[in-house]
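Visitor: Handing over coords_5.pdb, PDB, C-alpha atoms.
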```pdb
ATOM      1  CA  MET H   1     -18.064 -37.054  -3.184
ATOM      2  CA  GLY H   2     -21.222 -39.018  -2.458
ATOM      3  CA  LYS H   3     -21.958 -40.037   1.108
ATOM      4  CA  SER H   4     -21.458 -43.791   0.629
ATOM      5  CA  LEU H   5     -18.154 -43.360  -1.196
ATOM      6  CA  ALA H   6     -16.951 -40.772   1.320
ATOM      7  CA  MET H   7     -17.601 -43.164   4.210
ATOM      8  CA  TYR H   8     -15.790 -45.981   2.431
ATOM      9  CA  MET H   9     -12.801 -43.793   1.582
ATOM     10  CA  SER H  10     -12.537 -42.596   5.178
ATOM     11  CA  LEU H  11     -12.372 -46.189   6.392
ATOM     12  CA  LEU H  12      -9.848 -47.093   3.688
ATOM     13  CA  ARG H  13      -7.588 -44.189   4.636
ATOM     14  CA  VAL H  14      -7.560 -45.414   8.248
ATOM     15  CA  LEU H  15      -6.671 -48.939   7.163
ATOM     16  CA  LEU H  16      -3.885 -47.690   4.918
ATOM     17  CA  ARG H  17      -2.432 -45.571   7.704
ATOM     18  CA  LEU H  18      -2.348 -48.654   9.892
ATOM     19  CA  VAL H  19      -0.104 -50.371   7.333
ATOM     20  CA  GLY H  20       2.101 -47.293   6.943
ATOM     21  CA  VAL H  21       0.714 -45.816   3.704
ATOM     22  CA  ARG H  22      -0.587 -42.295   3.365
ATOM     23  CA  SER H  23      -1.659 -39.724   0.789
ATOM     24  CA  GLN H  24       1.035 -37.361  -0.500
ATOM     25  CA  ALA H  25       1.019 -34.602  -3.120
ATOM     26  CA  VAL H  26       4.315 -34.232  -4.997
ATOM     27  CA  GLU H  27       5.033 -31.116  -7.047
ATOM     28  CA  ILE H  28       6.811 -32.249 -10.208
ATOM     29  CA  GLU H  29       7.331 -28.682 -11.383
ATOM     30  CA  PRO H  30       5.304 -25.488 -11.030
ATOM     31  CA  GLY H  31       1.819 -26.233 -12.341
ATOM     32  CA  THR H  32       2.131 -30.024 -12.192
ATOM     33  CA  VAL H  33       1.287 -32.033  -9.075
ATOM     34  CA  VAL H  34       1.082 -35.809  -8.846
ATOM     35  CA  HIS H  35      -0.808 -37.468  -6.020
ATOM     36  CA  PHE H  36       0.747 -40.617  -4.535
ATOM     37  CA  TRP H  37      -0.200 -43.164  -1.944
ATOM     38  CA  ALA H  38       3.227 -43.912  -0.509
ATOM     39  CA  PRO H  39       5.057 -45.066   2.624
ATOM     40  CA  ALA H  40       4.441 -42.612   5.443
ATOM     41  CA  GLU H  41       7.143 -40.001   5.853
ATOM     42  CA  ASN H  42       8.517 -39.395   9.332
ATOM     43  CA  PRO H  43      11.302 -36.858   9.987
ATOM     44  CA  SER H  44      12.262 -38.620  13.201
ATOM     45  CA  LYS H  45      12.988 -41.856  11.250
ATOM     46  CA  THR H  46      10.575 -44.095  13.052
ATOM     47  CA  LYS H  47      10.667 -47.848  12.727
ATOM     48  CA  ILE H  48       8.066 -47.717   9.959
ATOM     49  CA  HIS H  49      10.154 -45.170   8.040
ATOM     50  CA  ASN H  50      13.336 -47.226   8.279
ATOM     51  CA  GLN H  51      11.558 -50.406   7.209
ATOM     52  CA  ALA H  52      10.022 -48.622   4.229
ATOM     53  CA  LYS H  53      13.454 -47.547   3.049
ATOM     54  CA  ARG H  54      14.721 -51.132   3.171
ATOM     55  CA  LYS H  55      11.738 -52.774   1.522
ATOM     56  CA  PRO H  56      11.761 -53.315  -2.253
ATOM     57  CA  ALA H  57       9.707 -50.629  -3.985
ATOM     58  CA  VAL H  58       6.650 -51.667  -5.987
ATOM     59  CA  VAL H  59       4.783 -49.062  -8.051
ATOM     60  CA  PHE H  60       1.190 -49.804  -9.103
ATOM     61  CA  LEU H  61      -0.074 -47.963 -12.203
ATOM     62  CA  HIS H  62      -3.840 -47.837 -12.681
ATOM     63  CA  GLY H  63      -5.929 -48.137 -15.829
ATOM     64  CA  PHE H  64      -7.916 -45.421 -17.575
ATOM     65  CA  GLY H  65     -11.236 -46.148 -15.904
ATOM     66  CA  PHE H  66     -10.454 -45.453 -12.251
ATOM     67  CA  ASN H  67      -7.814 -43.809 -10.062
ATOM     68  CA  GLY H  68      -4.979 -45.433  -8.135
ATOM     69  CA  ILE H  69      -6.594 -46.295  -4.830
ATOM     70  CA  SER H  70      -9.845 -47.585  -6.325
ATOM     71  CA  THR H  71      -7.864 -49.923  -8.596
ATOM     72  CA  TRP H  72      -5.174 -51.184  -6.210
ATOM     73  CA  GLN H  73      -6.637 -50.893  -2.683
ATOM     74  CA  PHE H  74      -6.578 -54.631  -1.943
ATOM     75  CA  GLN H  75      -3.024 -55.086  -3.212
ATOM     76  CA  MET H  76      -1.927 -52.078  -1.148
ATOM     77  CA  LEU H  77      -3.345 -53.522   2.051
ATOM     78  CA  ALA H  78      -2.010 -57.009   1.346
ATOM     79  CA  LEU H  79       1.538 -56.069   0.334
ATOM     80  CA  ALA H  80       2.449 -52.997   2.398
ATOM     81  CA  LYS H  81       3.949 -55.153   5.164
ATOM     82  CA  ASP H  82       6.641 -56.578   2.892
ATOM     83  CA  TYR H  83       7.041 -53.926   0.199
ATOM     84  CA  ALA H  84       7.338 -50.171  -0.063
ATOM     85  CA  ILE H  85       4.111 -49.504  -1.972
ATOM     86  CA  TYR H  86       3.685 -46.492  -4.272
ATOM     87  CA  VAL H  87       0.345 -45.884  -5.993
ATOM     88  CA  PRO H  88       0.178 -42.687  -8.051
ATOM     89  CA  ASP H  89      -2.781 -41.104  -9.789
ATOM     90  CA  PHE H  90      -2.008 -40.303 -13.401
ATOM     91  CA  VAL H  91      -2.309 -36.672 -14.425
ATOM     92  CA  PHE H  92      -6.023 -35.733 -14.691
ATOM     93  CA  PHE H  93      -7.021 -38.629 -12.436
ATOM     94  CA  GLY H  94      -7.576 -38.491  -8.688
ATOM     95  CA  GLY H  95      -5.509 -35.710  -7.162
ATOM     96  CA  SER H  96      -3.040 -35.220 -10.032
ATOM     97  CA  ILE H  97      -3.144 -32.139 -12.237
ATOM     98  CA  THR H  98      -1.086 -30.083 -14.669
ATOM     99  CA  ASP H  99      -1.365 -26.793 -16.512
ATOM    100  CA  LYS H 100       0.782 -28.144 -19.352
ATOM    101  CA  THR H 101      -0.735 -29.033 -22.715
ATOM    102  CA  GLU H 102       1.236 -32.287 -23.103
ATOM    103  CA  ARG H 103      -0.962 -35.402 -23.053
ATOM    104  CA  SER H 104       1.288 -38.215 -24.283
ATOM    105  CA  PRO H 105       2.145 -41.450 -22.433
ATOM    106  CA  ALA H 106       5.730 -40.154 -22.382
ATOM    107  CA  PHE H 107       4.567 -37.128 -20.376
ATOM    108  CA  GLN H 108       2.738 -39.354 -17.893
ATOM    109  CA  ALA H 109       5.874 -41.514 -17.640
ATOM    110  CA  GLU H 110       8.029 -38.462 -16.988
ATOM    111  CA  CYS H 111       5.684 -37.213 -14.246
ATOM    112  CA  MET H 112       5.607 -40.620 -12.556
ATOM    113  CA  ALA H 113       9.404 -41.026 -12.710
ATOM    114  CA  LYS H 114      10.105 -37.534 -11.389
ATOM    115  CA  GLY H 115       7.572 -38.000  -8.607
ATOM    116  CA  LEU H 116       9.139 -41.289  -7.553
ATOM    117  CA  LYS H 117      12.574 -39.709  -7.551
ATOM    118  CA  LYS H 118      11.325 -36.937  -5.263
ATOM    119  CA  LEU H 119       9.978 -39.620  -2.948
ATOM    120  CA  GLY H 120      13.422 -41.214  -2.823
ATOM    121  CA  VAL H 121      12.758 -44.231  -5.072
ATOM    122  CA  GLU H 122      15.922 -45.256  -6.925
ATOM    123  CA  LYS H 123      14.791 -48.607  -8.334
ATOM    124  CA  CYS H 124      11.420 -50.304  -8.486
ATOM    125  CA  THR H 125       9.167 -52.962  -9.912
ATOM    126  CA  LEU H 126       6.258 -51.593 -11.937
ATOM    127  CA  VAL H 127       2.846 -53.248 -11.992
ATOM    128  CA  GLY H 128       0.760 -51.828 -14.821
ATOM    129  CA  LEU H 129      -2.895 -52.475 -15.667
ATOM    130  CA  SER H 130      -4.167 -51.500 -19.133
ATOM    131  CA  TYR H 131      -3.318 -47.776 -19.563
ATOM    132  CA  GLY H 132      -0.910 -48.202 -16.654
ATOM    133  CA  GLY H 133       0.905 -50.909 -18.592
ATOM    134  CA  MET H 134       1.320 -48.614 -21.589
ATOM    135  CA  VAL H 135       2.754 -45.855 -19.424
ATOM    136  CA  GLY H 136       4.845 -48.491 -17.637
ATOM    137  CA  PHE H 137       6.395 -49.640 -20.935
ATOM    138  CA  LYS H 138       7.257 -46.021 -21.688
ATOM    139  CA  MET H 139       8.812 -45.602 -18.234
ATOM    140  CA  ALA H 140      10.911 -48.734 -18.796
ATOM    141  CA  GLU H 141      12.089 -47.327 -22.119
ATOM    142  CA  MET H 142      12.849 -43.823 -20.829
ATOM    143  CA  TYR H 143      14.142 -44.655 -17.338
ATOM    144  CA  PRO H 144      15.909 -48.058 -17.423
ATOM    145  CA  ASP H 145      17.858 -47.251 -14.256
ATOM    146  CA  LEU H 146      14.613 -46.711 -12.352
ATOM    147  CA  VAL H 147      12.556 -49.639 -13.665
ATOM    148  CA  ASP H 148      14.184 -52.885 -12.597
ATOM    149  CA  SER H 149      11.296 -55.175 -13.607
ATOM    150  CA  MET H 150       7.661 -55.084 -14.668
ATOM    151  CA  VAL H 151       4.422 -57.004 -14.310
ATOM    152  CA  VAL H 152       1.994 -56.082 -17.085
ATOM    153  CA  THR H 153      -1.620 -57.153 -17.271
ATOM    154  CA  CYS H 154      -4.283 -56.538 -19.921
ATOM    155  CA  SER H 155      -2.163 -54.042 -21.830
ATOM    156  CA  VAL H 156      -0.032 -53.408 -24.907
ATOM    157  CA  MET H 157       3.172 -51.531 -25.710
ATOM    158  CA  ALA H 158       1.178 -49.019 -27.738
ATOM    159  CA  LEU H 159      -2.477 -48.602 -28.658
ATOM    160  CA  THR H 160      -2.208 -49.008 -32.417
ATOM    161  CA  GLU H 161      -5.022 -48.403 -34.897
ATOM    162  CA  SER H 162      -5.400 -52.135 -35.635
ATOM    163  CA  ILE H 163      -5.591 -53.061 -31.936
ATOM    164  CA  THR H 164      -8.086 -50.248 -31.394
ATOM    165  CA  ARG H 165     -10.274 -51.289 -34.309
ATOM    166  CA  SER H 166     -10.506 -54.960 -33.323
ATOM    167  CA  ALA H 167     -11.027 -54.243 -29.599
ATOM    168  CA  LEU H 168     -13.833 -51.742 -30.201
ATOM    169  CA  GLU H 169     -15.534 -54.133 -32.619
ATOM    170  CA  ARG H 170     -15.502 -56.873 -29.964
ATOM    171  CA  ILE H 171     -17.195 -54.715 -27.337
ATOM    172  CA  GLY H 172     -19.518 -52.793 -29.656
ATOM    173  CA  PHE H 173     -18.294 -49.221 -29.203
ATOM    174  CA  SER H 174     -17.191 -46.650 -31.771
ATOM    175  CA  SER H 175     -14.374 -45.000 -29.783
ATOM    176  CA  TRP H 176     -12.316 -45.393 -26.611
ATOM    177  CA  ALA H 177     -13.833 -42.188 -25.270
ATOM    178  CA  GLU H 178     -17.316 -43.676 -25.568
ATOM    179  CA  VAL H 179     -16.187 -46.589 -23.376
ATOM    180  CA  LEU H 180     -13.876 -44.891 -20.887
ATOM    181  CA  ILE H 181     -15.447 -41.459 -20.404
ATOM    182  CA  PRO H 182     -19.056 -42.311 -19.536
ATOM    183  CA  GLU H 183     -21.863 -39.781 -19.538
ATOM    184  CA  THR H 184     -23.934 -41.557 -16.862
ATOM    185  CA  PHE H 185     -23.426 -43.955 -13.971
ATOM    186  CA  GLU H 186     -24.663 -46.740 -16.263
ATOM    187  CA  GLY H 187     -21.485 -46.199 -18.248
ATOM    188  CA  VAL H 188     -19.450 -46.761 -15.088
ATOM    189  CA  LYS H 189     -21.255 -50.075 -14.613
ATOM    190  CA  LYS H 190     -20.296 -51.010 -18.174
ATOM    191  CA  ILE H 191     -16.615 -50.278 -17.475
ATOM    192  CA  ALA H 192     -16.772 -52.474 -14.384
ATOM    193  CA  GLU H 193     -18.455 -55.226 -16.406
ATOM    194  CA  LEU H 194     -15.751 -55.122 -19.098
ATOM    195  CA  CYS H 195     -12.885 -55.020 -16.616
ATOM    196  CA  THR H 196     -13.921 -57.785 -14.229
ATOM    197  CA  TYR H 197     -14.412 -61.518 -14.652
ATOM    198  CA  LYS H 198     -17.508 -61.516 -12.465
ATOM    199  CA  SER H 199     -19.940 -58.634 -12.114
ATOM    200  CA  LEU H 200     -19.359 -56.384  -9.095
ATOM    201  CA  ALA H 201     -22.523 -56.680  -7.038
ATOM    202  CA  MET H 202     -22.728 -53.036  -5.980
ATOM    203  CA  PRO H 203     -25.940 -50.991  -5.639
ATOM    204  CA  ASP H 204     -26.685 -48.242  -8.154
ATOM    205  CA  PHE H 205     -26.189 -45.478  -5.584
ATOM    206  CA  PHE H 206     -22.552 -46.539  -5.198
ATOM    207  CA  TYR H 207     -22.019 -46.402  -8.965
ATOM    208  CA  ARG H 208     -23.630 -42.943  -8.944
ATOM    209  CA  ASP H 209     -21.183 -41.801  -6.272
ATOM    210  CA  ILE H 210     -18.252 -43.181  -8.275
ATOM    211  CA  PHE H 211     -19.498 -41.409 -11.398
ATOM    212  CA  GLN H 212     -19.838 -38.095  -9.568
ATOM    213  CA  ASP H 213     -16.427 -38.410  -7.937
ATOM    214  CA  MET H 214     -14.293 -39.832 -10.763
ATOM    215  CA  PHE H 215     -15.896 -39.029 -14.113
ATOM    216  CA  ILE H 216     -17.284 -35.486 -13.975
ATOM    217  CA  ASN H 217     -14.044 -33.496 -13.965
ATOM    218  CA  HIS H 218     -11.370 -33.259 -16.672
ATOM    219  CA  LYS H 219     -13.444 -34.834 -19.436
ATOM    220  CA  LYS H 220     -11.836 -32.691 -22.126
ATOM    221  CA  GLU H 221      -8.337 -33.495 -20.905
ATOM    222  CA  ARG H 222      -9.078 -37.231 -20.753
ATOM    223  CA  VAL H 223     -10.335 -37.204 -24.332
ATOM    224  CA  GLU H 224      -7.015 -35.586 -25.257
ATOM    225  CA  LEU H 225      -5.121 -38.268 -23.309
ATOM    226  CA  LEU H 226      -6.903 -40.973 -25.307
ATOM    227  CA  GLU H 227      -6.193 -39.213 -28.586
ATOM    228  CA  ALA H 228      -2.502 -38.937 -27.700
ATOM    229  CA  LEU H 229      -2.400 -42.599 -26.701
ATOM    230  CA  GLN H 230      -3.363 -43.973 -30.100
ATOM    231  CA  VAL H 231      -0.725 -44.439 -32.803
ATOM    232  CA  MET H 232      -0.804 -45.403 -36.465
ATOM    233  CA  ASP H 233       0.362 -48.917 -37.247
ATOM    234  CA  LYS H 234       3.127 -47.559 -39.472
ATOM    235  CA  ASP H 235       4.470 -45.422 -36.624
ATOM    236  CA  PHE H 236       4.706 -48.233 -34.084
ATOM    237  CA  TYR H 237       8.157 -49.495 -33.161
ATOM    238  CA  ILE H 238       9.411 -51.946 -30.551
ATOM    239  CA  PRO H 239      11.806 -50.190 -28.172
ATOM    240  CA  HIS H 240      14.825 -51.847 -26.617
ATOM    241  CA  TYR H 241      14.134 -52.799 -23.021
ATOM    242  CA  PRO H 242      17.173 -53.660 -20.881
ATOM    243  CA  GLN H 243      14.644 -55.316 -18.545
ATOM    244  CA  ALA H 244      13.423 -57.697 -21.302
ATOM    245  CA  GLN H 245      14.128 -60.789 -19.201
ATOM    246  CA  ARG H 246      12.267 -59.265 -16.242
ATOM    247  CA  ILE H 247       8.979 -58.282 -17.880
ATOM    248  CA  HIS H 248       6.219 -60.628 -16.761
ATOM    249  CA  LEU H 249       2.793 -60.866 -18.399
ATOM    250  CA  LEU H 250      -0.291 -61.671 -16.330
ATOM    251  CA  TRP H 251      -3.447 -62.192 -18.385
ATOM    252  CA  GLY H 252      -7.100 -63.095 -18.159
ATOM    253  CA  GLU H 253      -8.125 -65.871 -20.541
ATOM    254  CA  GLU H 254     -11.469 -64.173 -21.205
ATOM    255  CA  ASP H 255     -10.169 -60.617 -21.578
ATOM    256  CA  VAL H 256     -12.312 -59.034 -24.315
ATOM    257  CA  LEU H 257     -10.286 -55.843 -24.710
ATOM    258  CA  PHE H 258      -6.780 -57.280 -25.007
ATOM    259  CA  THR H 259      -7.143 -60.952 -25.883
ATOM    260  CA  MET H 260      -4.830 -63.882 -25.271
ATOM    261  CA  GLU H 261      -3.679 -63.544 -28.876
ATOM    262  CA  ILE H 262      -2.481 -60.039 -28.064
ATOM    263  CA  ALA H 263      -0.718 -61.406 -24.991
ATOM    264  CA  ARG H 264       1.070 -64.030 -27.083
ATOM    265  CA  ASN H 265       2.128 -61.423 -29.625
ATOM    266  CA  LEU H 266       3.374 -59.197 -26.840
ATOM    267  CA  LYS H 267       5.395 -62.041 -25.383
ATOM    268  CA  GLU H 268       7.025 -62.730 -28.743
TER     269      GLU H 268
END
```
Here is a file; write its structure as structure tokens.
Guide:
Amino acid sequence: MGKSLAMYMSLLRVLLRLVGVRSQAVEIEPGTVVHFWAPAENPSKTKIHNQAKRKPAVVFLHGFGFNGISTWQFQMLALAKDYAIYVPDFVFFGGSITDKTERSPAFQAECMAKGLKKLGVEKCTLVGLSYGGMVGFKMAEMYPDLVDSMVVTCSVMALTESITRSALERIGFSSWAEVLIPETFEGVKKIAELCTYKSLAMPDFFYRDIFQDMFINHKKERVELLEALQVMDKDFYIPHYPQAQRIHLLWGEEDVLFTMEIARNLKE
């Protein structure tokens, strides 16, 4: 990890500890470990521990570009007082890893659900951004007793060939891998540009640190994740969601990847 990013992460860890959130590695099964930011455990049942058990659980699922803490750090700090916050890294992001060959959204959903269960979460609200929304929809389908409600932003139920084709044409890329698995720090800047309303005014050395820390490892596996994410139009189906009245869509009017038209179709 680059020096500037390491210093920032050290400060962020301190701030998160002050609000009762800490890093935890959860073994899903031998060979598969999911990293979570979650309410601090305390065997002596301190006040913080008891409050965390009573607070409603909110699970934040990150997009494909960055890991959990880099995506949701501000929401974590703002909401930890009133909610039990859980922020996992998807498998092959951050501190999560597997030796399995499965790459589907259903596998990610299974790992997230099993990890939450091991952390004692019985029911939760999911907040999913982009790839996190797609995995979130799969979690809602597979684990209706766990997922009580959802907030989905800039996402779809499934990444179909028609959605893929139109989105890539709008942004001028030939594949999702070309966009989301950059070869240089300039590619990281492009991801940030596409994913934010206003440009993030960060110096190049910080983007270089992010590239070195988040985009060097697991390139092959991430390409496989993207391949497993895409489905043919003819194979797409709309699952039954018991939570249908509790799925909320939050959208950016100028989203170039998943447009307002996609949001309206998703709502219908």
Visitor: Applied to this file, what does the PyMOL selection byres ((chain H and resi 248) around 8) return in terms of residues, put as a PyMOL selection string?
Guide: chain H and resi 150-152+246-247+249-250
Visitor: Nearest to Asp204 of chain H among H:Ile85, H:Ala177, H:Leu79, H:Val188, with distances taken over only C-alpha atoms: which residue is it?
Guide: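 Going through H:Ile85, H:Ala177, H:Leu79, H:Val188 one by one, the smallest distance to Asp204 of chain H is for H:Val188.
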Visitor: At a cut-off of 7 Å, can you tabulate as CSV every residue of segment 37-105 of chain H near segment 124-134 of chain H together with its closest atom pair and the distance in Å to one decimal, using all atoms listed in the file and ordering rows by chain then number?
Guide:
```
residue,atom,partner,partner_atom,distance
H:Pro56,CA,H:Cys124,CA,6.9
H:Ala57,CA,H:Cys124,CA,4.8
H:Val58,CA,H:Thr125,CA,4.8
H:Val59,CA,H:Leu126,CA,4.9
H:Phe60,CA,H:Val127,CA,4.8
H:Leu61,CA,H:Gly132,CA,4.5
H:His62,CA,H:Gly132,CA,5.0
H:Gly63,CA,H:Tyr131,CA,4.6
H:Phe64,CA,H:Tyr131,CA,5.5
```
Visitor: The PyMOL selection byres ((chain H and resi 138) around 12) - which residues does that actually catch in the file I just gave you? List them as number ranges by chain.
Guide: H: 104-113, 126, 128, 131-137, 139-144, 146-147, 150, 156-158, 229, 238-241
Visitor: What gap, in Å, lies between atom CA of Val231 of chain H and atom CA of Leu159 of chain H?
Guide: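 Pair atom CA of Val231 of chain H / atom CA of Leu159 of chain H returns 6.1 Å.
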Visitor: Check what the PyMOL selection byres ((chain H and resi 206) around 10) selects in the file above and give those residues as a PyMOL selection string.
Guide: chain H and resi 2-5+185+202-205+207-212
Visitor: Which residues are close to Asp89 of chain H, i.e. within 6 Å by all atoms listed in the file, leaving aside same-chain residues fewer than 3 positions away? Reply as a list of chain:residue names.
Guide: H:His35, H:Asn67, H:Gly68, H:Phe93, H:Gly94, H:Ser96
Visitor: Produce a table with one row for each residue of segment 113-179 of chain H that has an atom at most 12 Å from any atom of segment 11-28 of chain H, each row naming the nearest atom pair and its distance in Å at one decimal; use all atoms listed in the file; arrange rows by chain and rising residue number; format as a tab-separated table.
Guide:
```
residue	atom	partner	partner_atom	distance
H:Ala113	CA	H:Ile28	CA	9.5
H:Lys114	CA	H:Ile28	CA	6.3
H:Gly115	CA	H:Ile28	CA	6.0
H:Leu116	CA	H:Val26	CA	8.9
H:Lys117	CA	H:Ile28	CA	9.8
H:Lys118	CA	H:Val26	CA	7.5
H:Leu119	CA	H:Val26	CA	8.1
H:Gly120	CA	H:Val26	CA	11.7
```
Visitor: Between atom CA of Leu225 of chain H and atom CA of Asp145 of chain H, measure the distance and give it in Å to one decimal.
Guide: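 Separation of atom CA of Leu225 of chain H and atom CA of Asp145 of chain H: 26.3 Å.
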Visitor: With only C-alpha atoms as the counted atoms, please give the residues lying no more than 12 Å from Glu193 of chain H, apart from itself and same-chain residues fewer than 5 positions off, as a list in words.
Guide: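 Listed by chain and then number, they are Gly65, Ile171, Val179, Glu186, Gly187, Val188, Lys198, Ser199, Leu200, Ala201, Met202, Asp255, Val256 and Leu257 of chain H.
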Visitor: Of the residues H:Thr153, H:Asp235, H:Lys190, H:Glu227, which is the one nearest to Met260 of chain H, using all atoms listed in the file?
Guide: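 Smallest separation from Met260 of chain H among the options: H:Thr153.
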Visitor: Select, from H:Lys55, H:Lys219, H:Arg103, H:Lys234, the residue with the minimum atom-to-atom distance to Tyr86 of chain H, counting only C-alpha atoms.
Guide: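 Counting only C-alpha atoms, the residue closest to Tyr86 of chain H is H:Lys55.
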Visitor: Which distance in Å separates atom CA of Thr98 of chain H and atom CA of Glu29 of chain H, to one decimal?
Guide: 9.1 Å
Visitor: For Ile262 of chain H, find every residue with an atom within 10 Å (counting all atoms listed in the file), except residues of its own chain fewer than 4 positions away, and show them as a list in words.
Guide: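 Within the cut-off, the hits are Cys154, Ser155, Val156, Ile163, Trp251, Leu257, Phe258, Leu266, Lys267 and Glu268 of chain H.
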Visitor: Given all atoms listed in the file as the basis, pick out the residue of H:Ala38, H:Arg264, H:Phe90, H:Arg170 nearest to Leu77 of chain H.
Guide: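 Closest to Leu77 of chain H, using all atoms listed in the file: H:Ala38.
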Visitor: Using only C-alpha atoms, which of H:Glu224, H:Glu254, H:Glu261, H:Asp213 sits nearest Gly95 of chain H?
Guide: H:Asp213
Visitor: Please determine, counting only C-alpha atoms, which residue among H:Val91, H:Ala84, H:Met232, H:Ala40 has the shortest atom-to-atom distance to Ser162 of chain H.
Guide: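 Looking only at the distances to Ser162 of chain H, the closest residue turns out to be H:Met232.
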Visitor: Let me know the centre plus edge lengths, in Å and rounded to one decimal, of a box with edges along x, y and z that contains all listed atoms of segment 136-143 of chain H and is padded by 5 Å on every side, as JSON.
Guide:
```
{"center_x": 9.5, "center_y": -46.7, "center_z": -19.7, "size_x": 19.3, "size_y": 15.8, "size_z": 14.8}
```
